[in-house]
Each structure stands twice: as structure tokens, then as C-alpha cells.
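Before any comments, here is the structure.
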Amino acid sequence: MTDQLQLNMNAYLPLRDVVFHTLREAILKGELKPGERLMELRLAAKLGVSRTPIREAIRMLELEGLAVTVPRKGAEVAKMTEKDMEDVLKIRRALDELAVGLACDNMTEERLAELYEALIRFEESTVTGDVKQIAQTDMEFHEVIYQTADNPKLVSLLNNLREQMYRYRVEYLKSDDVYPVLIEEHQKIYEGLRRKDKKTVVELVGCHVVNQEIMVKNIIHKQE
């Protein structure tokens, strides 16, 4: 179990909700791995709470599909199935294509400069070896596109999907073989948006998501 697990206190939330959000974030960020046991006593000691809010938080994680109870073993972090991943990425591909099309219509010189800066930050992060930083700068590149789309409801949906994929994105970003591909794809998306070539950027973003699907499938197969 990760040594980084710490309770994110919020005076306005019941303790079970605070524990739930802490464990949920740890799962989504890959700090608690798929298949890792969620032992009530150990988690209670780690977070400095009683077993009751831990038990209640685990039930809430089960409702979200982030945890499962295995007979004679207890609760553990759920593994993402290939079907789950495909379902999420089909939706993400459609929404990403919509977002980049809207961003193409709304692109300004200021936003384009912001996107270029995000592109460079991602490229620079790939030589650091810090996987979380690489994942963060990758998200920041796409976030500029989402914000340029100027549709808050669309951004909310995309952020939810991004959270569901986060733990697997961290895993595939551990392989530096993917960095040159991602950098090239980001560069092509940037150039397409600079030219306001909507057809091309929509196709590029679609391929970007499909490539991610292939990589995540490989991770799931290795887990199995």
C-alpha cells in the first residue's frame, strides 16, 4: 500500500465522504493499484480513523465500480475490463472530436500561444522521468483545447471520463516508447488548429484516442 496515502480533510463533509474522496483519488491516480486489497484495519490505521468510515467509503467505491468484494478475500481495487475501457474511450473519442471541432471555430492567437506553451511543457516533461508530471502536462495540453471549445457541460463530461482513465494513463506513460508518438500527435493537432483545418484536427484527435485504446488494452492484457 502506498506510503503517500493521506486524509484530505474537509470540514464540510462527513468523515466517510472524506475517506471516500481520499481513496477514490488514490485509485484514480494509480497510488492504489488494480487488484490491491483494501484492508479496513490497515487503512484505518493509515488514515487515523475508525473502521466504520472506511467500511462505508469502500461501499461507495463499489457503487462507482472502483472496488469489488471478492469472496473469502474481502474488498480490493477493481480491475478495469477491456469492455469498460472500450465503452469509456468510445464516448471520449466522440466528445474529444466535438471539443476540438468547437475549439477550431473559437481559436484565437492568445489560445494558440497557450496551446503551444502546453505542447512544449509536455515535451520537456517527457525527459524528467516523472510519470505524474508527464500525465499532468499531457492533460494540460488537452485542457486548453477543452476550454477553447467554450462549452462547460462538455468540459465536465470530458473531465469525468478523464478521471476514469487516469490510473491506466499513468501506467502506459511509464513506457518512454510512447513519448515520441504523443509528442508528434500533439504537434500535428497544434498545427491543424493553427491552420483552422477542422476536418484534419477531428481526424487527428480520433486517431490519438484510438492509439491510447491500443496501449491501454496491452496494459489490461498484462494485468490478466
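Residues in the C-alpha cells are numbered from 1 in each chain, the chains being A, B, ... in the order shown, and ligands are numbered from 1 in the order shown.
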Can you tell me, as a short mmCIF file (atom, residue, chain, number, x, y, z; two decimals) with C-alpha atoms, in the first residue's frame, what residues are no more than 12 Å from range 28-36 of chain A when counting only C-alpha atoms, ignoring any on the same chain fewer than 3 positions away?
```cif
data_model
loop_
_atom_site.label_atom_id
_atom_site.label_comp_id
_atom_site.auth_asym_id
_atom_site.auth_seq_id
_atom_site.Cartn_x
_atom_site.Cartn_y
_atom_site.Cartn_z
CA MET A 1 0.00 0.00 0.00
CA THR A 2 1.28 3.44 -0.90
CA ASP A 3 3.01 5.48 1.79
CA GLN A 4 1.61 8.64 0.19
CA LEU A 5 -1.96 7.99 1.31
CA GLN A 6 -3.14 10.93 3.44
CA HIS A 21 -12.66 11.00 -1.81
CA THR A 22 -9.17 10.21 -0.45
CA LEU A 23 -9.34 6.56 -1.53
CA ARG A 24 -11.01 7.44 -4.84
CA GLU A 25 -8.23 9.88 -5.73
CA MET A 39 -7.90 -3.88 4.29
CA LEU A 43 -6.49 1.75 6.02
CA LEU A 61 -16.30 2.88 -4.11
CA GLU A 64 -18.72 3.60 -8.58
CA GLY A 65 -17.15 0.37 -9.80
CA LEU A 66 -13.77 1.29 -8.34
CA ALA A 67 -13.76 -1.51 -5.76
CA VAL A 68 -15.10 -5.07 -5.61
CA THR A 69 -15.62 -7.54 -2.78
CA VAL A 70 -14.09 -10.92 -3.51
CA LYS A 73 -10.63 -12.23 0.35
CA GLY A 74 -12.51 -9.02 1.07
CA ALA A 75 -12.51 -5.73 -0.82
CA GLU A 76 -9.91 -4.81 -3.40
CA VAL A 77 -9.34 -2.17 -6.06
CA ALA A 78 -11.32 -3.15 -9.16
CA LYS A 79 -9.54 -4.04 -12.35
CA MET A 80 -10.77 -2.27 -15.44
CA THR A 81 -12.05 -4.74 -18.02
CA VAL A 131 5.32 9.98 -14.77
CA LYS A 132 2.79 12.04 -12.79
CA GLN A 133 4.23 15.28 -14.19
CA ALA A 135 0.46 12.83 -17.20
CA GLN A 136 -0.31 16.30 -15.80
CA ASN A 160 -15.27 12.75 -15.68
CA LEU A 161 -14.09 10.39 -18.42
CA ARG A 162 -10.50 11.54 -17.95
CA GLU A 163 -10.66 10.63 -14.26
CA GLN A 164 -11.90 7.15 -15.11
CA MET A 165 -8.90 6.64 -17.40
CA TYR A 166 -6.26 8.31 -15.21
CA ARG A 167 -4.87 5.23 -13.46
CA TYR A 168 -4.30 3.48 -16.78
CA ARG A 169 -2.81 6.54 -18.47
CA VAL A 170 -0.21 6.71 -15.68
CA GLU A 171 0.65 3.06 -16.33
CA TYR A 172 1.15 3.43 -20.09
CA LEU A 173 3.11 6.66 -19.62
CA LYS A 174 5.67 4.65 -17.64
CA ILE A 219 -1.85 -2.96 -20.08
CA ILE A 220 -5.11 -4.79 -19.30
CA LYS A 222 -0.65 -7.81 -18.94
CA GLN A 223 -2.72 -7.48 -15.74
CA GLU A 224 -4.71 -10.55 -16.69
#
```
Determine, using only C-alpha atoms, which residues of range 4-100 of chain A have any atom at most 10 Å from an atom of range 202-206 of chain A, and tabulate each with its shortest atom pair and distance in Å to one decimal place, rows ordered by chain and then rising number, as CSV.
```
residue,atom,partner,partner_atom,distance
A:Lys90,CA,A:Gly206,CA,9.7
A:Arg92,CA,A:Gly206,CA,9.3
A:Arg93,CA,A:Gly206,CA,5.8
A:Ala94,CA,A:Gly206,CA,7.9
A:Leu95,CA,A:Gly206,CA,9.8
A:Asp96,CA,A:Val205,CA,6.8
A:Glu97,CA,A:Val202,CA,5.0
A:Leu98,CA,A:Val202,CA,7.7
A:Ala99,CA,A:Val202,CA,8.9
A:Val100,CA,A:Val202,CA,6.3
```
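CA of Leu154 in chain A lies 24.8 Å from CA of Arg121 in chain A.
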As a ChimeraX atom specification, please: the residues near Asn151 in chain A (cut-off 9 Å, only C-alpha atoms, same-chain neighbours under 4 positions excluded).
/A:99,102,146-147,155-156
Expected file contents, prior selection, C-alpha atoms, as a tab-separated table (two decimals), in the first residue's frame:
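Below you can see result_27.tsv, which holds the result:
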```
chain	number	residue	atom	x	y	z
A	99	ALA	CA	-14.42	19.60	-28.46
A	102	LEU	CA	-15.55	23.70	-31.47
A	146	TYR	CA	-11.44	21.87	-23.96
A	147	GLN	CA	-11.53	25.42	-22.58
A	155	VAL	CA	-15.77	20.02	-20.31
A	156	SER	CA	-17.48	18.47	-17.27
```
Return as JSON, numbers by chain the full set of residues in range 69-165 of chain A whose backbone-based DSSP assignment is strand (DSSP E or B).
{"A": [69, 70, 74, 75, 76, 77]}
Once you have the residues from the selection above, write them out as a JSON list (two decimals), in the first residue's frame, restricted to C-alpha atoms.
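Done, and the output landed in selection-v2.json:
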```json
[["chain", "number", "residue", "atom", "x", "y", "z"],
["A", 69, "THR", "CA", -15.62, -7.54, -2.78],
["A", 70, "VAL", "CA", -14.09, -10.92, -3.51],
["A", 74, "GLY", "CA", -12.51, -9.02, 1.07],
["A", 75, "ALA", "CA", -12.51, -5.73, -0.82],
["A", 76, "GLU", "CA", -9.91, -4.81, -3.40],
["A", 77, "VAL", "CA", -9.34, -2.17, -6.06]]
```
Run DSSP on the backbone and tell me which residues of range 4-214 of chain A come out as alpha helix (DSSP H); list them as a compact mmCIF listing (two decimals) with N, CA and C atoms, in the first residue's frame.
```txt
# COMPACT_ATOMS: atom_id res chain seq x y z
N LEU A 15 -17.16 12.35 7.61
CA LEU A 15 -15.87 11.67 7.56
C LEU A 15 -15.85 10.57 6.51
N ARG A 16 -16.97 9.84 6.35
CA ARG A 16 -16.99 8.76 5.36
C ARG A 16 -16.75 9.31 3.95
N ASP A 17 -17.29 10.54 3.68
CA ASP A 17 -17.10 11.15 2.36
C ASP A 17 -15.65 11.60 2.16
N VAL A 18 -15.04 12.10 3.25
CA VAL A 18 -13.63 12.49 3.18
C VAL A 18 -12.76 11.28 2.88
N VAL A 19 -13.04 10.16 3.57
CA VAL A 19 -12.29 8.92 3.34
C VAL A 19 -12.53 8.43 1.91
N PHE A 20 -13.80 8.48 1.47
CA PHE A 20 -14.15 8.05 0.11
C PHE A 20 -13.37 8.84 -0.93
N HIS A 21 -13.35 10.17 -0.82
CA HIS A 21 -12.66 11.00 -1.81
C HIS A 21 -11.14 10.75 -1.77
N THR A 22 -10.60 10.50 -0.57
CA THR A 22 -9.17 10.21 -0.45
C THR A 22 -8.81 8.91 -1.15
N LEU A 23 -9.61 7.87 -0.91
CA LEU A 23 -9.34 6.56 -1.53
C LEU A 23 -9.62 6.61 -3.03
N ARG A 24 -10.66 7.32 -3.41
CA ARG A 24 -11.01 7.44 -4.84
C ARG A 24 -9.87 8.09 -5.62
N GLU A 25 -9.33 9.18 -5.06
CA GLU A 25 -8.23 9.88 -5.73
C GLU A 25 -7.01 8.98 -5.83
N ALA A 26 -6.73 8.21 -4.76
CA ALA A 26 -5.58 7.31 -4.76
C ALA A 26 -5.72 6.23 -5.82
N ILE A 27 -6.95 5.75 -6.03
CA ILE A 27 -7.20 4.72 -7.06
C ILE A 27 -7.05 5.33 -8.45
N LEU A 28 -7.67 6.47 -8.67
CA LEU A 28 -7.64 7.10 -9.99
C LEU A 28 -6.23 7.51 -10.39
N GLU A 40 -9.49 -2.99 5.88
CA GLU A 40 -10.08 -1.96 6.73
C GLU A 40 -9.15 -1.54 7.86
N LEU A 41 -8.59 -2.51 8.58
CA LEU A 41 -7.74 -2.17 9.73
C LEU A 41 -6.51 -1.37 9.30
N ARG A 42 -5.91 -1.80 8.22
CA ARG A 42 -4.69 -1.13 7.75
C ARG A 42 -5.00 0.28 7.26
N LEU A 43 -6.10 0.42 6.50
CA LEU A 43 -6.49 1.75 6.02
C LEU A 43 -6.88 2.67 7.17
N ALA A 44 -7.58 2.11 8.16
CA ALA A 44 -7.99 2.90 9.33
C ALA A 44 -6.76 3.43 10.07
N ALA A 45 -5.76 2.56 10.24
CA ALA A 45 -4.54 2.98 10.93
C ALA A 45 -3.78 4.02 10.10
N LYS A 46 -3.74 3.79 8.79
CA LYS A 46 -3.01 4.70 7.90
C LYS A 46 -3.63 6.10 7.90
N LEU A 47 -4.97 6.15 7.89
CA LEU A 47 -5.66 7.44 7.79
C LEU A 47 -6.05 8.01 9.16
N ARG A 51 -12.77 2.03 11.79
CA ARG A 51 -13.09 1.17 10.65
C ARG A 51 -14.42 1.54 10.00
N THR A 52 -15.33 2.16 10.76
CA THR A 52 -16.67 2.43 10.22
C THR A 52 -16.65 3.32 8.98
N PRO A 53 -15.99 4.51 9.00
CA PRO A 53 -15.97 5.32 7.77
C PRO A 53 -15.21 4.64 6.62
N ILE A 54 -14.22 3.78 6.97
CA ILE A 54 -13.50 3.03 5.93
C ILE A 54 -14.48 2.08 5.25
N ARG A 55 -15.24 1.34 6.07
CA ARG A 55 -16.21 0.38 5.52
C ARG A 55 -17.24 1.08 4.65
N GLU A 56 -17.74 2.22 5.11
CA GLU A 56 -18.75 2.98 4.36
C GLU A 56 -18.16 3.52 3.05
N ALA A 57 -16.91 3.99 3.11
CA ALA A 57 -16.25 4.53 1.91
C ALA A 57 -16.03 3.42 0.88
N ILE A 58 -15.68 2.22 1.33
CA ILE A 58 -15.47 1.10 0.41
C ILE A 58 -16.78 0.75 -0.29
N ARG A 59 -17.90 0.80 0.45
CA ARG A 59 -19.21 0.55 -0.19
C ARG A 59 -19.47 1.59 -1.28
N MET A 60 -19.12 2.84 -1.01
CA MET A 60 -19.32 3.90 -2.01
C MET A 60 -18.43 3.68 -3.23
N LEU A 61 -17.21 3.20 -3.00
CA LEU A 61 -16.30 2.88 -4.11
C LEU A 61 -16.86 1.74 -4.96
N GLU A 62 -17.51 0.77 -4.30
CA GLU A 62 -18.11 -0.35 -5.03
C GLU A 62 -19.24 0.14 -5.93
N LEU A 63 -20.00 1.12 -5.45
CA LEU A 63 -21.10 1.68 -6.26
C LEU A 63 -20.56 2.37 -7.51
N GLU A 82 -11.58 -4.86 -20.37
CA GLU A 82 -11.43 -4.32 -21.72
C GLU A 82 -12.73 -3.68 -22.19
N LYS A 83 -13.86 -4.29 -21.84
CA LYS A 83 -15.18 -3.74 -22.24
C LYS A 83 -15.40 -2.37 -21.59
N ASP A 84 -15.09 -2.25 -20.29
CA ASP A 84 -15.23 -0.96 -19.61
C ASP A 84 -14.40 0.12 -20.30
N MET A 85 -13.14 -0.26 -20.59
CA MET A 85 -12.23 0.70 -21.22
C MET A 85 -12.73 1.11 -22.60
N GLU A 86 -13.20 0.14 -23.39
CA GLU A 86 -13.71 0.44 -24.73
C GLU A 86 -14.92 1.37 -24.65
N ASP A 87 -15.81 1.10 -23.68
CA ASP A 87 -17.00 1.94 -23.51
C ASP A 87 -16.62 3.39 -23.22
N VAL A 88 -15.67 3.56 -22.30
CA VAL A 88 -15.23 4.91 -21.92
C VAL A 88 -14.58 5.62 -23.10
N LEU A 89 -13.70 4.91 -23.83
CA LEU A 89 -12.96 5.57 -24.90
C LEU A 89 -13.83 5.85 -26.13
N LYS A 90 -14.87 5.07 -26.36
CA LYS A 90 -15.80 5.38 -27.46
C LYS A 90 -16.48 6.72 -27.19
N ILE A 91 -16.89 6.91 -25.93
CA ILE A 91 -17.54 8.18 -25.57
C ILE A 91 -16.53 9.31 -25.62
N ARG A 92 -15.32 9.05 -25.08
CA ARG A 92 -14.31 10.10 -25.07
C ARG A 92 -13.92 10.52 -26.48
N ARG A 93 -13.82 9.55 -27.38
CA ARG A 93 -13.45 9.89 -28.75
C ARG A 93 -14.48 10.83 -29.37
N ALA A 94 -15.77 10.51 -29.19
CA ALA A 94 -16.83 11.35 -29.75
C ALA A 94 -16.80 12.76 -29.15
N LEU A 95 -16.60 12.83 -27.82
CA LEU A 95 -16.59 14.14 -27.16
C LEU A 95 -15.33 14.92 -27.48
N ASP A 96 -14.19 14.23 -27.57
CA ASP A 96 -12.93 14.91 -27.93
C ASP A 96 -13.02 15.50 -29.35
N GLU A 97 -13.61 14.73 -30.26
CA GLU A 97 -13.76 15.21 -31.63
C GLU A 97 -14.68 16.43 -31.66
N LEU A 98 -15.76 16.39 -30.87
CA LEU A 98 -16.66 17.54 -30.77
C LEU A 98 -15.91 18.75 -30.20
N ALA A 99 -15.14 18.51 -29.13
CA ALA A 99 -14.42 19.60 -28.46
C ALA A 99 -13.40 20.26 -29.39
N VAL A 100 -12.63 19.45 -30.12
CA VAL A 100 -11.59 20.05 -30.97
C VAL A 100 -12.21 20.77 -32.17
N GLY A 101 -13.38 20.29 -32.63
CA GLY A 101 -14.08 20.99 -33.70
C GLY A 101 -14.56 22.36 -33.25
N LEU A 102 -15.11 22.42 -32.03
CA LEU A 102 -15.55 23.70 -31.47
C LEU A 102 -14.35 24.61 -31.21
N ALA A 103 -13.26 24.02 -30.71
CA ALA A 103 -12.05 24.80 -30.43
C ALA A 103 -11.48 25.40 -31.71
N CYS A 104 -11.60 24.65 -32.80
CA CYS A 104 -11.10 25.14 -34.09
C CYS A 104 -11.88 26.40 -34.51
N ASP A 105 -13.18 26.39 -34.27
CA ASP A 105 -14.02 27.56 -34.59
C ASP A 105 -13.67 28.76 -33.72
N ASN A 106 -13.30 28.47 -32.45
CA ASN A 106 -13.12 29.54 -31.46
C ASN A 106 -11.67 29.97 -31.27
N GLU A 109 -5.43 33.88 -31.32
CA GLU A 109 -3.96 33.89 -31.23
C GLU A 109 -3.50 33.64 -29.79
N GLU A 110 -4.25 34.19 -28.82
CA GLU A 110 -3.89 34.01 -27.41
C GLU A 110 -4.00 32.55 -27.00
N ARG A 111 -5.12 31.91 -27.38
CA ARG A 111 -5.32 30.49 -27.06
C ARG A 111 -4.29 29.61 -27.77
N LEU A 112 -3.97 29.98 -29.00
CA LEU A 112 -2.99 29.21 -29.76
C LEU A 112 -1.62 29.28 -29.07
N ALA A 113 -1.27 30.46 -28.57
CA ALA A 113 0.00 30.62 -27.86
C ALA A 113 0.00 29.78 -26.58
N GLU A 114 -1.14 29.75 -25.91
CA GLU A 114 -1.30 28.95 -24.69
C GLU A 114 -1.14 27.46 -25.01
N LEU A 115 -1.72 27.04 -26.13
CA LEU A 115 -1.63 25.64 -26.55
C LEU A 115 -0.18 25.27 -26.88
N TYR A 116 0.52 26.19 -27.54
CA TYR A 116 1.92 25.93 -27.90
C TYR A 116 2.77 25.79 -26.64
N GLU A 117 2.52 26.64 -25.66
CA GLU A 117 3.26 26.55 -24.39
C GLU A 117 3.00 25.21 -23.71
N ALA A 118 1.74 24.76 -23.75
CA ALA A 118 1.38 23.46 -23.15
C ALA A 118 2.07 22.32 -23.90
N LEU A 119 2.15 22.46 -25.21
CA LEU A 119 2.84 21.46 -26.05
C LEU A 119 4.31 21.34 -25.63
N ILE A 120 4.97 22.48 -25.46
CA ILE A 120 6.39 22.49 -25.07
C ILE A 120 6.57 21.93 -23.66
N ARG A 121 5.67 22.28 -22.74
CA ARG A 121 5.77 21.76 -21.36
C ARG A 121 5.68 20.24 -21.35
N PHE A 122 4.77 19.71 -22.18
CA PHE A 122 4.64 18.25 -22.25
C PHE A 122 5.93 17.63 -22.79
N GLU A 123 6.44 18.20 -23.87
CA GLU A 123 7.65 17.67 -24.48
C GLU A 123 8.81 17.70 -23.48
N GLU A 124 8.94 18.79 -22.75
CA GLU A 124 10.02 18.91 -21.76
C GLU A 124 9.84 17.93 -20.60
N SER A 125 8.58 17.67 -20.25
CA SER A 125 8.32 16.76 -19.11
C SER A 125 8.71 15.32 -19.41
N VAL A 131 6.50 10.40 -14.02
CA VAL A 131 5.32 9.98 -14.77
C VAL A 131 4.10 10.85 -14.44
N LYS A 132 3.95 11.21 -13.17
CA LYS A 132 2.79 12.04 -12.79
C LYS A 132 2.87 13.43 -13.44
N GLN A 133 4.07 13.97 -13.52
CA GLN A 133 4.23 15.28 -14.19
C GLN A 133 3.94 15.16 -15.68
N ILE A 134 4.38 14.06 -16.28
CA ILE A 134 4.12 13.83 -17.70
C ILE A 134 2.62 13.73 -17.95
N ALA A 135 1.92 12.97 -17.08
CA ALA A 135 0.46 12.83 -17.20
C ALA A 135 -0.22 14.18 -17.02
N GLN A 136 0.29 14.99 -16.07
CA GLN A 136 -0.31 16.30 -15.80
C GLN A 136 -0.14 17.24 -17.00
N THR A 137 1.05 17.28 -17.58
CA THR A 137 1.27 18.19 -18.71
C THR A 137 0.52 17.70 -19.96
N ASP A 138 0.34 16.40 -20.08
CA ASP A 138 -0.47 15.86 -21.18
C ASP A 138 -1.92 16.35 -21.03
N MET A 139 -2.44 16.27 -19.80
CA MET A 139 -3.81 16.73 -19.55
C MET A 139 -3.94 18.23 -19.80
N GLU A 140 -2.90 18.99 -19.43
CA GLU A 140 -2.95 20.45 -19.60
C GLU A 140 -3.04 20.83 -21.08
N PHE A 141 -2.37 20.06 -21.94
CA PHE A 141 -2.46 20.32 -23.39
C PHE A 141 -3.92 20.18 -23.85
N HIS A 142 -4.55 19.08 -23.46
CA HIS A 142 -5.93 18.84 -23.88
C HIS A 142 -6.90 19.83 -23.20
N GLU A 143 -6.54 20.25 -21.99
CA GLU A 143 -7.40 21.18 -21.26
C GLU A 143 -7.52 22.52 -21.99
N VAL A 144 -6.44 22.97 -22.63
CA VAL A 144 -6.51 24.23 -23.40
C VAL A 144 -7.54 24.07 -24.53
N ILE A 145 -7.53 22.91 -25.19
CA ILE A 145 -8.50 22.66 -26.26
C ILE A 145 -9.91 22.65 -25.71
N TYR A 146 -10.10 21.95 -24.57
CA TYR A 146 -11.44 21.87 -23.96
C TYR A 146 -11.96 23.26 -23.59
N GLN A 147 -11.09 24.08 -22.99
CA GLN A 147 -11.53 25.42 -22.58
C GLN A 147 -11.84 26.30 -23.80
N THR A 148 -11.09 26.11 -24.87
CA THR A 148 -11.33 26.88 -26.09
C THR A 148 -12.66 26.51 -26.73
N ALA A 149 -13.10 25.26 -26.51
CA ALA A 149 -14.40 24.82 -27.03
C ALA A 149 -15.55 25.66 -26.45
N PRO A 152 -19.02 24.53 -21.08
CA PRO A 152 -18.74 23.98 -19.74
C PRO A 152 -19.33 22.59 -19.50
N LYS A 153 -20.49 22.30 -20.06
CA LYS A 153 -21.08 20.97 -19.87
C LYS A 153 -20.25 19.89 -20.56
N LEU A 154 -19.74 20.22 -21.72
CA LEU A 154 -18.86 19.29 -22.44
C LEU A 154 -17.58 19.06 -21.65
N VAL A 155 -17.00 20.12 -21.10
CA VAL A 155 -15.77 20.02 -20.31
C VAL A 155 -16.00 19.13 -19.09
N SER A 156 -17.15 19.29 -18.44
CA SER A 156 -17.48 18.47 -17.27
C SER A 156 -17.53 16.99 -17.61
N LEU A 157 -18.16 16.67 -18.73
CA LEU A 157 -18.24 15.27 -19.17
C LEU A 157 -16.85 14.71 -19.49
N LEU A 158 -16.03 15.50 -20.17
CA LEU A 158 -14.69 15.07 -20.53
C LEU A 158 -13.81 14.86 -19.30
N ASN A 159 -13.95 15.74 -18.30
CA ASN A 159 -13.16 15.60 -17.08
C ASN A 159 -13.54 14.32 -16.33
N ASN A 160 -14.82 13.98 -16.33
CA ASN A 160 -15.27 12.75 -15.68
C ASN A 160 -14.66 11.52 -16.35
N LEU A 161 -14.67 11.51 -17.67
CA LEU A 161 -14.09 10.39 -18.42
C LEU A 161 -12.58 10.32 -18.20
N ARG A 162 -11.95 11.48 -18.14
CA ARG A 162 -10.50 11.54 -17.95
C ARG A 162 -10.12 10.94 -16.61
N GLU A 163 -10.92 11.20 -15.57
CA GLU A 163 -10.66 10.63 -14.26
C GLU A 163 -10.75 9.11 -14.30
N GLN A 164 -11.73 8.59 -15.03
CA GLN A 164 -11.90 7.15 -15.11
C GLN A 164 -10.71 6.47 -15.80
N MET A 165 -10.02 7.21 -16.67
CA MET A 165 -8.90 6.64 -17.40
C MET A 165 -7.55 6.93 -16.74
N TYR A 166 -7.54 7.78 -15.72
CA TYR A 166 -6.26 8.31 -15.21
C TYR A 166 -5.30 7.22 -14.77
N ARG A 167 -5.79 6.23 -14.00
CA ARG A 167 -4.87 5.23 -13.46
C ARG A 167 -4.20 4.42 -14.56
N TYR A 168 -4.90 4.22 -15.68
CA TYR A 168 -4.30 3.48 -16.78
C TYR A 168 -3.38 4.34 -17.63
N ARG A 169 -3.68 5.62 -17.74
CA ARG A 169 -2.81 6.54 -18.47
C ARG A 169 -1.46 6.63 -17.76
N VAL A 170 -1.48 6.67 -16.43
CA VAL A 170 -0.21 6.71 -15.68
C VAL A 170 0.61 5.46 -15.98
N GLU A 171 -0.06 4.31 -16.06
CA GLU A 171 0.65 3.06 -16.33
C GLU A 171 1.30 3.08 -17.72
N TYR A 172 0.54 3.49 -18.75
CA TYR A 172 1.15 3.43 -20.09
C TYR A 172 2.20 4.53 -20.28
N TYR A 179 6.42 8.25 -25.83
CA TYR A 179 6.59 9.70 -25.80
C TYR A 179 6.76 10.33 -27.19
N PRO A 180 7.62 9.77 -28.05
CA PRO A 180 7.76 10.38 -29.39
C PRO A 180 6.45 10.40 -30.17
N VAL A 181 5.64 9.35 -30.02
CA VAL A 181 4.35 9.29 -30.71
C VAL A 181 3.42 10.38 -30.20
N LEU A 182 3.33 10.50 -28.87
CA LEU A 182 2.45 11.51 -28.27
C LEU A 182 2.90 12.92 -28.64
N ILE A 183 4.19 13.17 -28.61
CA ILE A 183 4.71 14.49 -28.98
C ILE A 183 4.34 14.82 -30.43
N GLU A 184 4.53 13.86 -31.31
CA GLU A 184 4.21 14.08 -32.72
C GLU A 184 2.70 14.34 -32.91
N GLU A 185 1.87 13.58 -32.20
CA GLU A 185 0.42 13.77 -32.32
C GLU A 185 0.01 15.15 -31.80
N HIS A 186 0.59 15.57 -30.68
CA HIS A 186 0.30 16.91 -30.16
C HIS A 186 0.71 17.99 -31.16
N GLN A 187 1.87 17.82 -31.76
CA GLN A 187 2.36 18.80 -32.73
C GLN A 187 1.42 18.91 -33.94
N LYS A 188 0.95 17.76 -34.41
CA LYS A 188 0.04 17.76 -35.57
C LYS A 188 -1.30 18.40 -35.21
N ILE A 189 -1.79 18.12 -34.00
CA ILE A 189 -3.05 18.73 -33.56
C ILE A 189 -2.89 20.24 -33.47
N TYR A 190 -1.75 20.68 -32.91
CA TYR A 190 -1.48 22.12 -32.80
C TYR A 190 -1.45 22.76 -34.19
N GLU A 191 -0.73 22.15 -35.12
CA GLU A 191 -0.62 22.71 -36.47
C GLU A 191 -1.98 22.77 -37.16
N GLY A 192 -2.78 21.73 -36.98
CA GLY A 192 -4.12 21.72 -37.57
C GLY A 192 -4.99 22.84 -37.03
N LEU A 193 -4.90 23.07 -35.72
CA LEU A 193 -5.67 24.15 -35.10
C LEU A 193 -5.14 25.52 -35.54
N ARG A 194 -3.83 25.60 -35.71
CA ARG A 194 -3.24 26.88 -36.19
C ARG A 194 -3.77 27.22 -37.57
N LYS A 198 -10.43 22.13 -39.61
CA LYS A 198 -11.29 21.36 -38.71
C LYS A 198 -11.31 19.87 -39.06
N LYS A 199 -11.44 19.54 -40.33
CA LYS A 199 -11.53 18.14 -40.74
C LYS A 199 -10.30 17.36 -40.28
N THR A 200 -9.13 17.97 -40.47
CA THR A 200 -7.88 17.29 -40.10
C THR A 200 -7.75 17.11 -38.59
N VAL A 201 -8.04 18.16 -37.82
CA VAL A 201 -7.85 18.05 -36.37
C VAL A 201 -8.83 17.05 -35.75
N VAL A 202 -10.05 16.97 -36.30
CA VAL A 202 -11.02 15.99 -35.79
C VAL A 202 -10.49 14.58 -36.05
N GLU A 203 -9.95 14.35 -37.24
CA GLU A 203 -9.38 13.04 -37.57
C GLU A 203 -8.16 12.73 -36.69
N LEU A 204 -7.32 13.73 -36.46
CA LEU A 204 -6.12 13.54 -35.64
C LEU A 204 -6.47 13.17 -34.20
N VAL A 205 -7.46 13.86 -33.65
CA VAL A 205 -7.87 13.59 -32.27
C VAL A 205 -8.48 12.19 -32.17
N GLY A 206 -9.25 11.80 -33.18
CA GLY A 206 -9.81 10.45 -33.20
C GLY A 206 -8.72 9.39 -33.17
N CYS A 207 -7.68 9.58 -33.99
CA CYS A 207 -6.55 8.65 -34.03
C CYS A 207 -5.78 8.66 -32.70
N HIS A 208 -5.67 9.83 -32.09
CA HIS A 208 -4.98 10.00 -30.81
C HIS A 208 -5.65 9.12 -29.75
N VAL A 209 -6.98 9.12 -29.71
CA VAL A 209 -7.73 8.31 -28.74
C VAL A 209 -7.62 6.82 -29.08
N VAL A 210 -7.70 6.48 -30.36
CA VAL A 210 -7.58 5.07 -30.78
C VAL A 210 -6.21 4.51 -30.37
N ASN A 211 -5.16 5.30 -30.57
CA ASN A 211 -3.82 4.86 -30.18
C ASN A 211 -3.73 4.61 -28.67
N GLN A 212 -4.42 5.48 -27.91
CA GLN A 212 -4.46 5.30 -26.47
C GLN A 212 -5.18 3.99 -26.12
N GLU A 213 -6.26 3.71 -26.83
CA GLU A 213 -7.01 2.48 -26.59
C GLU A 213 -6.14 1.25 -26.79
N ILE A 214 -5.33 1.26 -27.84
CA ILE A 214 -4.44 0.12 -28.13
C ILE A 214 -3.45 -0.08 -26.98
```
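The interatomic distance for the pair CA of Met215 in chain A and CA of Thr126 in chain A works out to 17.2 Å.
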